[in-house]
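Trainee: Take a look at this one; I'll ask things after.
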Amino acid sequence: MKPLLGLSIFPQLSFLNTCLSLFEQEKVEVLEWSFDHCHYENRPEWFNLLLKDYSEAGRLLAHGVHYSAFTAQMNELHDEWLALWEQEQQQLKYVHVSEHIGYKSQLKQNSGFPLPLDYHLVDVQDFQQQVVALQSASKIPLGFEILALSLSYQQVVEQAKFVTGLCQKFNTFIVLDLHNLYCQAFNFNLEIDALIALYPIEYIREIHISGGSFSYSDLADKQVRRDTHDGAIPKALFKVLQDWLPRFKHCQYIIFEQLPESLKTTQAQQQFISDYDQLMRVRDQFSVEALEQPNKLLHVENRSLPPHELFNDRETLFEEQYLLANALMQVKTPQDLQVMTFKYFNHQDWSLAMIETAIKLSQRWNVNSE
């Protein structure tokens, strides 16, 4: 069985027009929808009908951005998100749901972006309540996507160990984003093949692939690769996919991601179609093992929270997560952040170029929570 190839879908007509020929030729085999960006009742009617078609065919994947499973404490935003997710499942039938590793950079609904932890200072067990609450609200398997943003080499390596622990402890799967790994490889001068090899391939159920952009770090006098979803897929990633896909024995889906606002020119639209067709050519070379229920993922909607002890300083981690998030919005230089005091972040060992990147991202995309 070949993995299904599809798109991360958006409700803009401009996006639909760009990929219309792919739908007409029945090349879009699966859709992934980031449902927490827009409530069902606020979406265009044509878009809900499109989602319904794929839902009824068993070809619709759910992807979240704002649940923030690795915030140290459950809070009202988790409750609001879970309520939204339950409403979404009443409208559409999804095959599985995925979220991001990390925690949200703003304690505010529909704002912020995922920030990494220093994973070796925490344990997956510390976030049991958040993960199991998400599993219990879902009637389908749960997976987590790796992050592109890493602030240190240690975070790159420890993220893989953390994700492995999640899979083993909570029976989740991995969304392996190849462009996220491409960013990590570029930013820390690593080999992407070596990074992929850090992950347990038997848990990889879905692949994301996209393009991005470079920004320049004045402080480090170097370029930084960012996962901005607004450019062509790097040619090297087609080769990576070709090399690794036969080894991903349980991979069922490949999702191409690109933002609608990056598709305004004829050249960009043509490149989008060309990239998709190239992905299909690579995919068509290989078949992988088919699993009806990968990794023995179970329905856990009736599962109760087992007794457990969270780490003693959960409150401190929670405070530090949002102290750091707010600092990224306010500081002027990475050095301003490095003089701060933290217990759960090795911020003095972080790359200045990557701190600078996190500051730029935060000050561009976050909404002030005051």
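Naming scheme: A, B, ... for chains in displayed order of the structure tokens; residues 1 onward per chain; ligands 1 onward as shown.
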Region 117-176 of chain A: which residues are strand (DSSP E or B) by DSSP, as a PyMOL selection string?

Mentor: chain A and resi 142-145+173-176

Trainee: Would you save the residues from that selection as a PDB file, in the first residue's frame, using N, CA, C and O atoms?

Mentor:
```
ATOM      1  N   LEU A 142      -3.936   9.648  18.383  1.00  0.00           N
ATOM      2  CA  LEU A 142      -3.309  10.944  18.635  1.00  0.00           C
ATOM      3  C   LEU A 142      -1.827  10.888  18.292  1.00  0.00           C
ATOM      4  O   LEU A 142      -1.132   9.934  18.655  1.00  0.00           O
ATOM      5  N   GLY A 143      -1.358  11.906  17.605  1.00  0.00           N
ATOM      6  CA  GLY A 143       0.058  12.009  17.293  1.00  0.00           C
ATOM      7  C   GLY A 143       0.594  13.390  17.615  1.00  0.00           C
ATOM      8  O   GLY A 143      -0.169  14.334  17.849  1.00  0.00           O
ATOM      9  N   PHE A 144       1.929  13.495  17.623  1.00  0.00           N
ATOM     10  CA  PHE A 144       2.580  14.780  17.873  1.00  0.00           C
ATOM     11  C   PHE A 144       3.605  15.061  16.784  1.00  0.00           C
ATOM     12  O   PHE A 144       4.362  14.170  16.381  1.00  0.00           O
ATOM     13  N   GLU A 145       3.607  16.313  16.341  1.00  0.00           N
ATOM     14  CA  GLU A 145       4.546  16.760  15.314  1.00  0.00           C
ATOM     15  C   GLU A 145       5.780  17.371  15.966  1.00  0.00           C
ATOM     16  O   GLU A 145       5.676  18.162  16.913  1.00  0.00           O
ATOM     17  N   PHE A 173       1.549   8.540  18.035  1.00  0.00           N
ATOM     18  CA  PHE A 173       2.373   8.373  16.842  1.00  0.00           C
ATOM     19  C   PHE A 173       3.126   9.665  16.548  1.00  0.00           C
ATOM     20  O   PHE A 173       2.908  10.703  17.200  1.00  0.00           O
ATOM     21  N   ILE A 174       4.012   9.612  15.563  1.00  0.00           N
ATOM     22  CA  ILE A 174       4.853  10.750  15.203  1.00  0.00           C
ATOM     23  C   ILE A 174       4.428  11.323  13.854  1.00  0.00           C
ATOM     24  O   ILE A 174       4.225  10.582  12.895  1.00  0.00           O
ATOM     25  N   VAL A 175       4.288  12.644  13.814  1.00  0.00           N
ATOM     26  CA  VAL A 175       4.215  13.365  12.551  1.00  0.00           C
ATOM     27  C   VAL A 175       5.620  13.902  12.288  1.00  0.00           C
ATOM     28  O   VAL A 175       6.073  14.829  12.957  1.00  0.00           O
ATOM     29  N   LEU A 176       6.304  13.290  11.350  1.00  0.00           N
ATOM     30  CA  LEU A 176       7.687  13.669  11.061  1.00  0.00           C
ATOM     31  C   LEU A 176       7.694  14.735   9.976  1.00  0.00           C
ATOM     32  O   LEU A 176       7.396  14.459   8.812  1.00  0.00           O
TER      33      LEU A 176
END
```

Trainee: Applying 10 Å and only C-alpha atoms, which residues near Val95 (chain A) remain after dropping the ones on its own chain fewer than 2 positions away? List them as a VMD selection string.

Mentor: chain A and resid 32 55 58 to 62 92 to 93 97 139 to 142

Trainee: Which one of A:Val131, A:Leu324, A:Leu121, A:Val224 sits closest to Gln106 (chain A) if you count only C-alpha atoms?

Mentor: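 Smallest separation from Gln106 (chain A) among the options: A:Leu324.
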
Trainee: With distances taken over only C-alpha atoms, which of A:Glu86, A:Glu320, A:Glu29, A:Glu315 is nearest to Leu134 (chain A)?

Mentor: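 Closest candidate: A:Glu86.
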
Trainee: To one decimal place in Å, what is the distance between CA of Gly112 (chain A) and CA of Thr228 (chain A)?

Mentor: 14.3 Å

Trainee: Please give the complete set of residues from region 25-203 of chain A that DSSP, run on the backbone, assigns to helix (DSSP H, G or I), formatted as JSON, numbers by chain.

Mentor: {"A": [35, 36, 37, 40, 41, 42, 45, 46, 47, 48, 49, 50, 51, 52, 53, 54, 55, 56, 76, 77, 78, 79, 80, 81, 82, 83, 84, 85, 86, 87, 88, 89, 90, 91, 119, 120, 121, 124, 125, 126, 127, 128, 129, 130, 131, 132, 133, 134, 135, 136, 137, 153, 154, 155, 156, 157, 158, 159, 160, 161, 162, 163, 164, 165, 166, 167, 168, 169, 170, 178, 179, 180, 181, 182, 183, 184, 185, 186, 187, 192, 193, 194, 195, 196, 201, 202, 203]}

Trainee: Of the candidates A:Met1, A:Gln270, A:Phe127, A:Lys343, which one gets nearest to Thr316 (chain A) if we count only C-alpha atoms?

Mentor: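 For Thr316 (chain A), the nearest of the given residues is A:Lys343.
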
Trainee: Choose the residue, out of A:Leu147, A:Leu13, A:Leu219, A:Leu198, that has the smallest atom-to-atom separation from Glu45 (chain A); count only C-alpha atoms.

Mentor: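 Closest to Glu45 (chain A), using only C-alpha atoms: A:Leu13.
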
Trainee: Write out as a list in words each polymer residue whose atoms come within 12 Å of Asp230 (chain A), counting only C-alpha atoms; drop sequence neighbours fewer than 3 positions from it.

Mentor: His179, Ile209, Ser210, Gly211, Gly212, Ser213, Phe214, Arg226, Asp227, Ile233, Pro234, Phe256, Glu257, Gln258, Leu259, Pro260, Glu261, Ser262, Leu263, Lys264, Ala268, Gln269, Gln271 and Phe272 of chain A

Trainee: Restricting the output to N, CA, C and O atoms, write the selected residues as an mmCIF file, in the first residue's frame.

Mentor:
```cif
data_model
loop_
_atom_site.group_PDB
_atom_site.id
_atom_site.type_symbol
_atom_site.label_atom_id
_atom_site.label_comp_id
_atom_site.auth_asym_id
_atom_site.auth_seq_id
_atom_site.Cartn_x
_atom_site.Cartn_y
_atom_site.Cartn_z
ATOM 1 N N HIS A 179 10.757 19.193 6.643
ATOM 2 C CA HIS A 179 11.325 20.542 6.556
ATOM 3 C C HIS A 179 11.726 21.058 7.932
ATOM 4 O O HIS A 179 12.695 21.827 8.056
ATOM 5 N N ILE A 209 5.772 17.892 4.693
ATOM 6 C CA ILE A 209 6.864 18.432 3.893
ATOM 7 C C ILE A 209 6.437 19.789 3.359
ATOM 8 O O ILE A 209 5.272 19.992 3.009
ATOM 9 N N SER A 210 7.357 20.726 3.329
ATOM 10 C CA SER A 210 7.032 22.099 2.933
ATOM 11 C C SER A 210 8.308 22.807 2.516
ATOM 12 O O SER A 210 9.390 22.228 2.502
ATOM 13 N N GLY A 211 8.150 24.069 2.182
ATOM 14 C CA GLY A 211 9.297 24.939 1.974
ATOM 15 C C GLY A 211 9.386 25.937 3.108
ATOM 16 O O GLY A 211 8.631 25.878 4.075
ATOM 17 N N GLY A 212 10.299 26.863 3.001
ATOM 18 C CA GLY A 212 10.463 27.873 4.037
ATOM 19 C C GLY A 212 11.301 29.020 3.530
ATOM 20 O O GLY A 212 11.337 29.303 2.333
ATOM 21 N N SER A 213 11.995 29.673 4.431
ATOM 22 C CA SER A 213 12.760 30.856 4.050
ATOM 23 C C SER A 213 13.960 31.002 4.980
ATOM 24 O O SER A 213 14.071 30.338 6.008
ATOM 25 N N PHE A 214 14.844 31.898 4.594
ATOM 26 C CA PHE A 214 16.002 32.237 5.417
ATOM 27 C C PHE A 214 15.814 33.626 6.011
ATOM 28 O O PHE A 214 15.259 34.529 5.373
ATOM 29 N N ARG A 226 14.080 28.972 8.500
ATOM 30 C CA ARG A 226 12.823 29.027 9.240
ATOM 31 C C ARG A 226 11.735 28.262 8.500
ATOM 32 O O ARG A 226 11.681 28.252 7.265
ATOM 33 N N ASP A 227 10.854 27.639 9.269
ATOM 34 C CA ASP A 227 9.776 26.826 8.709
ATOM 35 C C ASP A 227 8.552 27.706 8.461
ATOM 36 O O ASP A 227 7.539 27.606 9.147
ATOM 37 N N ILE A 233 9.633 23.604 -1.963
ATOM 38 C CA ILE A 233 10.286 22.531 -1.225
ATOM 39 C C ILE A 233 11.747 22.461 -1.649
ATOM 40 O O ILE A 233 12.047 22.401 -2.848
ATOM 41 N N PRO A 234 12.688 22.478 -0.715
ATOM 42 C CA PRO A 234 14.102 22.345 -1.098
ATOM 43 C C PRO A 234 14.331 21.041 -1.869
ATOM 44 O O PRO A 234 13.808 19.989 -1.496
ATOM 45 N N PHE A 256 1.536 17.906 2.089
ATOM 46 C CA PHE A 256 2.265 19.059 1.561
ATOM 47 C C PHE A 256 1.645 20.322 2.151
ATOM 48 O O PHE A 256 0.439 20.542 2.067
ATOM 49 N N GLU A 257 2.499 21.182 2.737
ATOM 50 C CA GLU A 257 2.029 22.394 3.393
ATOM 51 C C GLU A 257 2.580 23.635 2.693
ATOM 52 O O GLU A 257 3.779 23.744 2.459
ATOM 53 N N GLN A 258 1.687 24.574 2.376
ATOM 54 C CA GLN A 258 2.117 25.892 1.923
ATOM 55 C C GLN A 258 0.996 26.887 2.197
ATOM 56 O O GLN A 258 -0.185 26.595 1.987
ATOM 57 N N LEU A 259 1.367 28.080 2.661
ATOM 58 C CA LEU A 259 0.388 29.083 3.039
ATOM 59 C C LEU A 259 -0.204 29.788 1.821
ATOM 60 O O LEU A 259 0.506 30.079 0.850
ATOM 61 N N PRO A 260 -1.501 30.104 1.848
ATOM 62 C CA PRO A 260 -2.155 30.755 0.711
ATOM 63 C C PRO A 260 -1.527 32.082 0.320
ATOM 64 O O PRO A 260 -1.427 32.406 -0.867
ATOM 65 N N GLU A 261 -1.080 32.858 1.306
ATOM 66 C CA GLU A 261 -0.530 34.179 1.009
ATOM 67 C C GLU A 261 0.777 34.122 0.231
ATOM 68 O O GLU A 261 1.229 35.143 -0.313
ATOM 69 N N SER A 262 1.382 32.946 0.171
ATOM 70 C CA SER A 262 2.627 32.801 -0.588
ATOM 71 C C SER A 262 2.379 32.376 -2.039
ATOM 72 O O SER A 262 3.326 32.147 -2.779
ATOM 73 N N LEU A 263 1.101 32.299 -2.436
ATOM 74 C CA LEU A 263 0.752 31.774 -3.763
ATOM 75 C C LEU A 263 0.071 32.838 -4.628
ATOM 76 O O LEU A 263 -0.827 32.537 -5.403
ATOM 77 N N LYS A 264 0.529 34.054 -4.515
ATOM 78 C CA LYS A 264 -0.124 35.158 -5.223
ATOM 79 C C LYS A 264 0.350 35.340 -6.656
ATOM 80 O O LYS A 264 -0.333 35.946 -7.470
ATOM 81 N N ALA A 268 4.722 31.292 -8.391
ATOM 82 C CA ALA A 268 4.569 30.552 -7.143
ATOM 83 C C ALA A 268 3.517 29.453 -7.283
ATOM 84 O O ALA A 268 3.690 28.339 -6.768
ATOM 85 N N GLN A 269 2.453 29.737 -7.997
ATOM 86 C CA GLN A 269 1.405 28.747 -8.202
ATOM 87 C C GLN A 269 1.903 27.572 -9.038
ATOM 88 O O GLN A 269 1.616 26.400 -8.738
ATOM 89 N N GLN A 271 5.020 26.620 -9.259
ATOM 90 C CA GLN A 271 5.980 25.886 -8.441
ATOM 91 C C GLN A 271 5.255 24.962 -7.465
ATOM 92 O O GLN A 271 5.691 23.831 -7.213
ATOM 93 N N PHE A 272 4.147 25.431 -6.913
ATOM 94 C CA PHE A 272 3.332 24.630 -6.000
ATOM 95 C C PHE A 272 2.873 23.341 -6.679
ATOM 96 O O PHE A 272 3.011 22.243 -6.121
#
```

Trainee: Within 9 Å of Leu328 (chain A), counting only C-alpha atoms, which residues show up once you throw out same-chain ones fewer than 6 positions away? Write them as a list of chain:residue names, please.

Mentor: A:Ser105, A:Pro334, A:Leu337, A:Ile355, A:Glu356, A:Ala358, A:Ile359, A:Lys360, A:Leu361, A:Ser362, A:Gln363

Trainee: May I ask which of the residues A:Leu178, A:Cys183, A:Val282, A:Leu237 is the closest one to Leu151 (chain A), counting only C-alpha atoms?

Mentor: A:Cys183

Trainee: Can you list, as a PyMOL selection string, every protein, DNA or RNA residue that comes within 10 Å of Lys169 (chain A) when you count only C-alpha atoms, leaving out same-chain residues fewer than 6 positions away?

Mentor: chain A and resi 124-125+128+163

Trainee: Using only C-alpha atoms, please write the residues we just selected to a file, as an mmCIF file, in the first residue's frame.

Mentor:
```
data_model
loop_
_atom_site.group_PDB
_atom_site.id
_atom_site.type_symbol
_atom_site.label_atom_id
_atom_site.label_comp_id
_atom_site.auth_asym_id
_atom_site.auth_seq_id
_atom_site.Cartn_x
_atom_site.Cartn_y
_atom_site.Cartn_z
ATOM 1 C CA VAL A 124 6.797 12.811 29.538
ATOM 2 C CA GLN A 125 5.049 11.609 32.687
ATOM 3 C CA GLN A 128 0.223 12.986 31.547
ATOM 4 C CA VAL A 163 8.945 12.065 21.382
#
```

Trainee: Using only C-alpha atoms, which of the listed residues (A:Asp126, A:Asp177, A:Asp336, A:Glu80) sits closest to His229 (chain A)?

Mentor: A:Asp177

Trainee: Please list as a VMD selection string every residue within 12 Å of Gln321 (chain A), counting only C-alpha atoms and excluding residues in the same chain fewer than 2 positions away.

Mentor: chain A and resid 68 70 to 73 102 to 107 114 to 118 314 to 319 323 to 328 342 to 345 347
